[in-house]
Amino acid sequence: MKDKKIECVFFEENKDGLLFLKSVMIDVKNKKWRGLAVIFFFFTIFIFWNLSSALLWMLFLLFLVYEWESRFIALLAILSLASCPILILFQQDVFAEKMAVYAYFFLAMTVVLQAFELLTKIKNNS
Amino acid sequence: MKEGRGAQFLIWNKYRIVIKKNKYNLLFVLLLFLVLVGIFSHQDWFNLGSVISYADFRYQFEETAQELSHSNVWIANSNFGSINIQPYKFLFNIVQSLMIKIGLSFSIAIKVTHLIPITLLGLISPYILMKHLTKNDFVSFVGAIFYGSSTPFIIRQSQGHLSVAFVVALAPLLLYFFIKAVKNNKLRSWLVFIFFYWVGSCYEIRMIYIATFLFIGYFIFFKIKDWRRYIFNFFITGVVFLSLSSFFLIPLLVGGFHDNINAVASRSLFGNSHYSLLRSFSLSHFEWNGSNPIAFQDQPIMWYFWVAPLVAFTVFLYPQKKRKYKKEVLFFGIVSLIGIFLTKQVDAPFPGAFQWLRENFPGFILFRSGSKFYFILMLGYLGLICYSLLQIKQISIKIGKKYKYCMYPFLLLIIMLVSFANLQPLFSKKIDRTFSNRKIPQDYFILKDFILKQSDYFRIFWVPQHSNWGIYTNNHPKISNNRVTKGKWKNFLERHNKVPIQEELFSVFEKSFSDNLFDISSIKYVVVSVDELDNNHDPFYYFGRKKNPNIRSWYINKLDGVDFLKKIDIGAKELIVYENLNYKPHIFSLDKVYSFDSMRLLEQKYNFLKNQLNEKFNFIVNSDKNDEKFNILSRLFEDLSVKSGKRNSFLDNKTALLGNNNISIYANKKKDTLYYSVKNNEIFFYTKENGELLLNGEKINFQNDEKEIVSKKVLDPAKEYYLNNNNVYSLLNQQGGEQKLGLVGESSLIELCSVGDNFIKNASFQDGLWGENVGDCHRYDDNPILDMKLKTYAENSEQYLQLEATRHMACAVKKIEIKKGGRHLFGFDYRGVDAENAGYHLSFDDENGTVIKNKFNLDSQGWNHFEEVVNVPVGSELAKLHVYAYETDKLKNNIVGYDNFFLKKIISEERVEKQERERGFDKIQIALSDKEKVFEYYNNKDQYENVIENHSFEEGLWQEKVGNCHRYDENPVLAMKINKAKRTDGTQSLQLEATRHTACSKKTFPINEKKNYLFSFDYQGENSKKAGYYIKFNDKEKTVINEKIEIEGDNKWNRFEKEIKTPTGATKASLHVYAYESDKKENNIVRYDNFSLTQLPDLEDKYYVVEKAQVDLKNPKKIEFRTVNPTKKTVYVKGAETGFFLVMNESYHKQWCLNLADRDSKKSLRKWFPFKKANETKKVNHYKLNDFLNAWYVDPVSLCRNSSGGECKKNADGSYDLEMKIEFWPQRWFYFGLTISSVTLIILFGYLIGTYFKSKKYER
């Protein structure tokens, strides 16, 4: 039991991992216009830039408009970052560089989203 | 087991209780531990007797270091003196200088001002900061160890960048003072902060500039809402900082340093390949290898460097709602991301951002690499790691005791271990660099004593560079061979890409004017550094050591042959010293100075002055300043791009000539042309002038313009004759009439030769193939695809050899019987079909196994002829010839044809000794009118036509597909097309586009060797800032001329013009033009049009115009001087009858002023007053002598006209005695600023001490 507790400690708010997914589903269902706006934005970026930029922007905007917890993006950042030394170890330097770029983007998203969360909280408190 | 764990918990609990009770003891223990870590990791820095010297930190003898306080705005002890654009370093310079003056050594002084503070602050200041922020001793302690052991910080120290390292060490403390000041907003706190901030700026102002943004960011993040509360303290703090910094801000702002600062600031980005996102994330310096770093060599990132960033960023995984330090974490997160972004330099993402910031963000141009931003990243990680550890502690508490006592200490330990892994090479002294004690070779002490016992001013020239141990002072400045070659003397030297560095350096001794250059530079001694391989201090390392281990002997042997130097014995064992006996004093006078149009062809100008006019080589380069004081020496037709309407006619309008009757024109008869012609089986060699010189439309007739026969010989009709023109052999033209051989002075050998029989049997394949089967000359596997056959010419029935290679290398072999060694003419015809290369290999059976081989590029499908003279070795009886077809991509069939081989003995028939005849200049005196001074050179015998076919792309592109001239991966995005809308000449232009890689297009054309050509083209850019070209010649050295050109304005046509000289032996040149990638996203378009490569007449050293000065000047009887300080010298002139030039051999700078000494006001403040320059400066003109020295024209009559003091004295013979002063004016601004700074510092200390005692009193 205690071991399970450790695994979930970082995600205390969502004691069951499915809970987050469930809340995602509910948000998407209830706030469709927000989702549509993000999808529109996704296609715009996809047309003018490229797919990876569009996906990253979409991820960021989804977390922003639905106010999901940014630490899930932080988790992606940590995973991307942790993959770098492994990829370097297997002499996959080009992939390692790409993963580092993703890690940077995810961290930047995390910081911006957390800043928003903080601002919202300060606003609500005031 | 359980009992064991329980016991551990009990001990830990007990320990915690003890810690809590002895809070101050713990602080003491941790600080002591940090100090001990510092001492043991930097053992030699704490050894007061050790000598530290490496790379950018150089040891100084006390005699040098005690003069540091004089190096305020002008550094006089190196080279020819230079502006000090870092006057802010005066703070620690004066401290070091004072310490040495009271008897301490330089080693102690540098340890007090730099080394010990760096070590201790690097560990203690992050501890103080994090202790203040986290209130946790252990976390702060671990953070401090992490900060002090980060590799960018250690490498900075090891490279000797001590000022930068000092600010890196100080930065956390500065942030701590700032946070405290922001928190309590008391003036006292702000003043404490600003004092340390100012100290930091006196070490390295650029680092403080970066830190300033950190402080601004902190304020915006935490206190922006209350900004009104801070206005008063901000204002006071700002004023105090500006006042404290007046001593460097005022000279920098108003002292006229802009050009010098811009020159440093405008340096391009450096070391892009050393920085990457991976390195930034892992905070791993590119040189770090866990042992002694190798300069500028990239090392792999070690795995444990990833622990710290992973721990740091884990902080974001914890729910923000439950985080105690939300804002702080976010702040340090942003700092880390900014740090990563800037230290990655031009790596993805946003590779163009760093350069954009340099171009657009104020002050960012001062940073040419991301390395100075590492401390931002270090601070960010410091904060994140500490908060992450705190958070893990918090989580552990929630989970339960078992994990509480495992996870948190475990992570503390991990970070400690990772940090100590970085410090390990320091503990074990594996890193040498600045961390180890050096031994000064005894010879340098002998040299020091030898130099310092001489009181007169002179410079010491170090070959190849100044040794760290070489003495230098303001009275005996050092000059480094490598510095001066690239610095003040660079315009005297021609730079060649392919010349080895040692030869480039030594060229300063080999010029005809070298003696003169050394004399006027006051260079008395030339010293060759000692070999110091054991001391990790090799002065020859970058100057030839890599290719020649005995490079020092090479330098010494060469210097032994320099006739103006004399080797002397100073009693040293290894140090070699030469003396230049005729060096001039620091300040001297001249009565004759020449005015040149440019710095081009200085050797010829020097030889003309010396040999023809018997004059000294003192000159200025600026035709605008031509006036009656100067003699004018002007080379005609320096710019051959100016043409008249006539073909083959070149103009030169000499407006600078004053037009008096003292004008002479000189024509160099060595520049006449040598010809031959064959009449009735007799060959005649003769010289004659090729073109004609006209002045204002009228021909100038020199003497000896007639044809002059040099040599003649009757020819044997049965023999085949060749002409050897300076080792270039060509078939004698017996029917073509007059044939040009080149200028008389340019070639040392003209030889008429005949050739014997061809030793190669079946040379034209008339008897079939040389062998039955094709040979495989590169059999790397068992799948060759090769072929050899005989082919027949379409126009006749004759045959040639065809080799084909798809895989491996096809070859045909022929054995050749040799009768005698010596010069032979070897050659053949060759051509390629879909092949890139042809080649041969000729080997001899002599003792040495002599081999001659060559590989040719195949540019077209037509037949090419190859011919060269080979020296067949004596004793050789048999030669073996291989000819080849090479494989390319293993798919394409590469077909090469060969025919008409020959190897014939060369027999000398006649040598034309044209050099023995004495030829010099013909002189003609002319009178010029005031208005017209147009010279014209006209030559209708030579053709000056564009050799580039399809120069304007009217016949289409130069090649079918766009070339890729920088293929670094498999994803090029390039294009090439014809543009009909944008062009300058004709109807079309070439358009190259590059998004990724470099787009290029190539054109090959014939040229003549050793000729001057004018190369020009039009270019424009769209989104592109650079165009470029690359010309490669087919001479033996494969000479290259290339350049990147800045494009001015988008879609605006620019014209590029350059005079180039083709190398010896070159017959063909290939031209590449480029479009370069920028950020890998933008499409960089460059358009080219109207290419031209036109041969120019060889008018170098051909015609000179000399105009004598209108006034006769005389040197004064005596010049003496006294150096007050490096920026002020008093000059005593005795017996000046006329005007004269006064020279001071310090680097030219417009802020050097010459005035009459102000005797009347010696006791007044006027001599310190910086606001208005003395009136006398208007009366003396300041010139740049010989392109680098200061010279003034002094007219004693006009100077002394209004002089009332005793500085001017008229003697009975009508001559004048003058007392003058030479002064570097910005020094006055320095003194002015220093006064403000000193007063402010006293008031600041008074206030801080006063308030401190007041608060103590209040507390009591």
# chains A, B, ... in the order shown; residues from 1 in each chain; ligands from 1
$ interface_residues --of "chain B" --to "chain A" --cutoff "7 Å" --atoms "only C-alpha atoms" --output "list in words"
Leu277, Leu278, Trp303, Trp306, Leu310, Phe313, Phe316, Leu317, Tyr318, Pro319, Leu330, Gly333, Ile334, Ala348 and Pro349 of chain B
$ select_by_dssp --residues "range 39-107 of chain B" --states "strand (DSSP E)" --output "PyMOL selection string"
chain B and resi 74-75+82-83
$ atom_distance --atom1 "CA of Phe90 in chain A" --atom2 "CA of Asn422 in chain B"
23.6 Å
$ residues_around --residues "Gly821 in chain B" --least-positions-apart "3" --cutoff "6 Å" --atoms "only C-alpha atoms" --output "list in words"
Val872, Pro873 and Val874 of chain B
$ write_last_selection --atoms "C-alpha atoms" --output "PDB file, in the first residue's frame"
ATOM      1  CA  VAL B 872      63.893  12.027 -64.089  1.00  0.00           C
ATOM      2  CA  PRO B 873      66.108  10.800 -61.227  1.00  0.00           C
ATOM      3  CA  VAL B 874      69.710   9.931 -62.019  1.00  0.00           C
TER       4      VAL B 874
END
$ select_by_dssp --residues "range 177-356 of chain B" --states "helix (DSSP H, G or I)" --output "count of residues only"
131
$ residues_around --residues "range 1132-1138 of chain B" --least-positions-apart "4" --cutoff "9 Å" --atoms "only C-alpha atoms" --output "PyMOL selection string"
chain B and resi 1112-1122+1194-1197+1210-1211+1213-1221
$ write_last_selection --atoms "N, CA and C atoms" --output "compact mmCIF listing (two decimals), in the first residue's frame"
# COMPACT_ATOMS: atom_id res chain seq x y z
N ASP B 1112 61.35 74.51 -47.26
CA ASP B 1112 62.47 73.71 -46.77
C ASP B 1112 62.40 73.64 -45.26
N LEU B 1113 62.38 72.43 -44.73
CA LEU B 1113 62.30 72.26 -43.28
C LEU B 1113 63.64 71.74 -42.77
N LYS B 1114 63.93 72.10 -41.52
CA LYS B 1114 65.17 71.63 -40.89
C LYS B 1114 64.83 71.04 -39.53
N ASN B 1115 65.56 70.01 -39.18
CA ASN B 1115 65.39 69.45 -37.84
C ASN B 1115 65.95 70.42 -36.80
N PRO B 1116 65.32 70.54 -35.63
CA PRO B 1116 65.91 71.36 -34.56
C PRO B 1116 67.24 70.75 -34.13
N LYS B 1117 68.03 71.55 -33.41
CA LYS B 1117 69.36 71.05 -33.02
C LYS B 1117 69.25 69.91 -32.02
N LYS B 1118 68.27 69.98 -31.17
CA LYS B 1118 68.17 68.96 -30.12
C LYS B 1118 66.71 68.77 -29.69
N ILE B 1119 66.35 67.52 -29.44
CA ILE B 1119 65.03 67.21 -28.89
C ILE B 1119 65.24 66.36 -27.63
N GLU B 1120 64.70 66.80 -26.52
CA GLU B 1120 64.75 65.99 -25.29
C GLU B 1120 63.33 65.86 -24.76
N PHE B 1121 63.09 64.85 -23.97
CA PHE B 1121 61.75 64.72 -23.39
C PHE B 1121 61.81 64.10 -22.01
N ARG B 1122 60.76 64.34 -21.27
CA ARG B 1122 60.63 63.77 -19.92
C ARG B 1122 59.22 63.18 -19.82
N VAL B 1194 55.15 71.28 -36.32
CA VAL B 1194 55.34 72.37 -35.37
C VAL B 1194 55.97 73.55 -36.10
N ASP B 1195 55.27 74.66 -36.09
CA ASP B 1195 55.82 75.88 -36.68
C ASP B 1195 56.14 76.83 -35.54
N PRO B 1196 57.41 76.95 -35.13
CA PRO B 1196 57.74 77.72 -33.93
C PRO B 1196 57.35 79.20 -34.03
N VAL B 1197 57.42 79.74 -35.23
CA VAL B 1197 57.12 81.17 -35.38
C VAL B 1197 55.67 81.44 -35.01
N LYS B 1210 63.25 82.94 -28.04
CA LYS B 1210 63.90 83.19 -29.32
C LYS B 1210 65.38 83.43 -29.06
N ASN B 1211 66.23 82.68 -29.77
CA ASN B 1211 67.68 82.80 -29.58
C ASN B 1211 68.25 83.90 -30.45
N ASP B 1213 70.41 83.67 -32.76
CA ASP B 1213 70.54 83.29 -34.19
C ASP B 1213 69.18 83.19 -34.88
N GLY B 1214 68.12 83.59 -34.21
CA GLY B 1214 66.78 83.57 -34.80
C GLY B 1214 66.04 82.27 -34.58
N SER B 1215 66.74 81.28 -34.05
CA SER B 1215 66.06 79.99 -33.79
C SER B 1215 65.28 80.07 -32.47
N TYR B 1216 64.45 79.03 -32.26
CA TYR B 1216 63.59 79.02 -31.07
C TYR B 1216 63.91 77.83 -30.18
N ASP B 1217 63.80 78.05 -28.87
CA ASP B 1217 63.78 76.95 -27.91
C ASP B 1217 62.34 76.85 -27.40
N LEU B 1218 61.80 75.65 -27.43
CA LEU B 1218 60.39 75.48 -27.03
C LEU B 1218 60.27 74.44 -25.93
N GLU B 1219 59.31 74.68 -25.06
CA GLU B 1219 58.94 73.64 -24.09
C GLU B 1219 57.49 73.27 -24.38
N MET B 1220 57.29 72.02 -24.73
CA MET B 1220 55.95 71.60 -25.15
C MET B 1220 55.51 70.39 -24.32
N LYS B 1221 54.23 70.16 -24.35
CA LYS B 1221 53.77 68.95 -23.67
C LYS B 1221 52.85 68.14 -24.60
$ atom_distance --atom1 "CA of Gln391 in chain B" --atom2 "CA of Lys322 in chain B"
9.8 Å
$ residues_around --residues "range 28-39 of chain A" --least-positions-apart "4" --cutoff "7 Å" --atoms "only C-alpha atoms" --output "MDAnalysis selection string"
chainID A and resid 24 43 58 61:62 65
$ atom_distance --atom1 "CA of Ser589 in chain B" --atom2 "CA of Val1105 in chain B"
25.9 Å
$ residues_around --residues "range 522-524 of chain B" --least-positions-apart "5" --cutoff "8 Å" --atoms "only C-alpha atoms" --output "PyMOL selection string"
chain B and resi 457-461+579-581+583-586+1145
$ write_last_selection --atoms "N, CA and C atoms" --output "PDB file, in the first residue's frame"
ATOM      1  N   TYR B 457      64.322  55.102 -23.007  1.00  0.00           N
ATOM      2  CA  TYR B 457      63.086  54.471 -23.482  1.00  0.00           C
ATOM      3  C   TYR B 457      63.391  53.567 -24.681  1.00  0.00           C
ATOM      4  N   PHE B 458      62.881  52.357 -24.657  1.00  0.00           N
ATOM      5  CA  PHE B 458      62.935  51.471 -25.829  1.00  0.00           C
ATOM      6  C   PHE B 458      61.902  50.361 -25.660  1.00  0.00           C
ATOM      7  N   ARG B 459      61.640  49.691 -26.766  1.00  0.00           N
ATOM      8  CA  ARG B 459      60.691  48.586 -26.728  1.00  0.00           C
ATOM      9  C   ARG B 459      61.410  47.246 -26.898  1.00  0.00           C
ATOM     10  N   ILE B 460      60.753  46.184 -26.419  1.00  0.00           N
ATOM     11  CA  ILE B 460      61.315  44.836 -26.535  1.00  0.00           C
ATOM     12  C   ILE B 460      60.370  44.026 -27.416  1.00  0.00           C
ATOM     13  N   PHE B 461      60.909  43.486 -28.483  1.00  0.00           N
ATOM     14  CA  PHE B 461      60.106  42.748 -29.472  1.00  0.00           C
ATOM     15  C   PHE B 461      60.257  41.260 -29.216  1.00  0.00           C
ATOM     16  N   GLU B 579      70.083  42.760 -30.703  1.00  0.00           N
ATOM     17  CA  GLU B 579      69.999  44.210 -30.494  1.00  0.00           C
ATOM     18  C   GLU B 579      69.866  44.923 -31.829  1.00  0.00           C
ATOM     19  N   ASN B 580      68.982  45.888 -31.853  1.00  0.00           N
ATOM     20  CA  ASN B 580      68.833  46.758 -33.014  1.00  0.00           C
ATOM     21  C   ASN B 580      69.518  48.071 -32.662  1.00  0.00           C
ATOM     22  N   LEU B 581      70.673  48.320 -33.274  1.00  0.00           N
ATOM     23  CA  LEU B 581      71.527  49.422 -32.809  1.00  0.00           C
ATOM     24  C   LEU B 581      70.988  50.796 -33.172  1.00  0.00           C
ATOM     25  N   TYR B 583      67.996  52.132 -33.289  1.00  0.00           N
ATOM     26  CA  TYR B 583      66.615  52.497 -32.944  1.00  0.00           C
ATOM     27  C   TYR B 583      66.524  53.973 -32.574  1.00  0.00           C
ATOM     28  N   LYS B 584      65.348  54.529 -32.844  1.00  0.00           N
ATOM     29  CA  LYS B 584      65.152  55.959 -32.584  1.00  0.00           C
ATOM     30  C   LYS B 584      64.602  56.158 -31.183  1.00  0.00           C
ATOM     31  N   PRO B 585      64.783  57.355 -30.614  1.00  0.00           N
ATOM     32  CA  PRO B 585      64.190  57.606 -29.288  1.00  0.00           C
ATOM     33  C   PRO B 585      62.664  57.667 -29.374  1.00  0.00           C
ATOM     34  N   HIS B 586      62.026  57.704 -28.213  1.00  0.00           N
ATOM     35  CA  HIS B 586      60.559  57.710 -28.151  1.00  0.00           C
ATOM     36  C   HIS B 586      59.973  58.930 -28.856  1.00  0.00           C
ATOM     37  N   ASN B1145      56.405  57.892 -30.924  1.00  0.00           N
ATOM     38  CA  ASN B1145      56.036  56.569 -31.455  1.00  0.00           C
ATOM     39  C   ASN B1145      55.122  55.772 -30.526  1.00  0.00           C
TER      40      ASN B1145
END
$ residues_around --residues "Ser512 in chain B" --least-positions-apart "6" --cutoff "8 Å" --atoms "only C-alpha atoms" --output "ChimeraX atom specification"
/B:603,606-607
$ write_last_selection --atoms "all heavy atoms" --output "short mmCIF file (atom, residue, chain, number, x, y, z; two decimals), in the first residue's frame"
data_model
loop_
_atom_site.label_atom_id
_atom_site.label_comp_id
_atom_site.auth_asym_id
_atom_site.auth_seq_id
_atom_site.Cartn_x
_atom_site.Cartn_y
_atom_site.Cartn_z
N GLU B 603 56.61 48.24 -50.54
CA GLU B 603 58.00 47.83 -50.81
C GLU B 603 58.55 48.59 -52.00
O GLU B 603 59.67 49.10 -51.96
CB GLU B 603 58.06 46.33 -51.11
CG GLU B 603 57.84 45.51 -49.89
CD GLU B 603 58.94 44.49 -49.67
OE1 GLU B 603 60.06 44.87 -49.31
OE2 GLU B 603 58.64 43.33 -49.85
N TYR B 606 59.10 52.14 -51.06
CA TYR B 606 60.28 52.27 -50.22
C TYR B 606 61.54 52.20 -51.08
O TYR B 606 62.45 53.03 -50.94
CB TYR B 606 60.30 51.15 -49.18
CG TYR B 606 61.59 51.05 -48.41
CD1 TYR B 606 61.84 51.90 -47.34
CD2 TYR B 606 62.58 50.14 -48.78
CE1 TYR B 606 63.04 51.84 -46.65
CE2 TYR B 606 63.78 50.07 -48.10
CZ TYR B 606 64.00 50.91 -47.04
OH TYR B 606 65.19 50.85 -46.36
N ASN B 607 61.60 51.21 -51.99
CA ASN B 607 62.78 51.06 -52.83
C ASN B 607 62.98 52.26 -53.73
O ASN B 607 64.11 52.70 -53.97
CB ASN B 607 62.67 49.79 -53.68
CG ASN B 607 62.84 48.55 -52.81
OD1 ASN B 607 63.59 48.58 -51.83
ND2 ASN B 607 62.13 47.49 -53.13
#
$ closest_residue --among "A:Thr44, A:Trp68, A:Thr120, A:Leu51" --to "Phe20 in chain A" --atoms "only C-alpha atoms"
A:Trp68
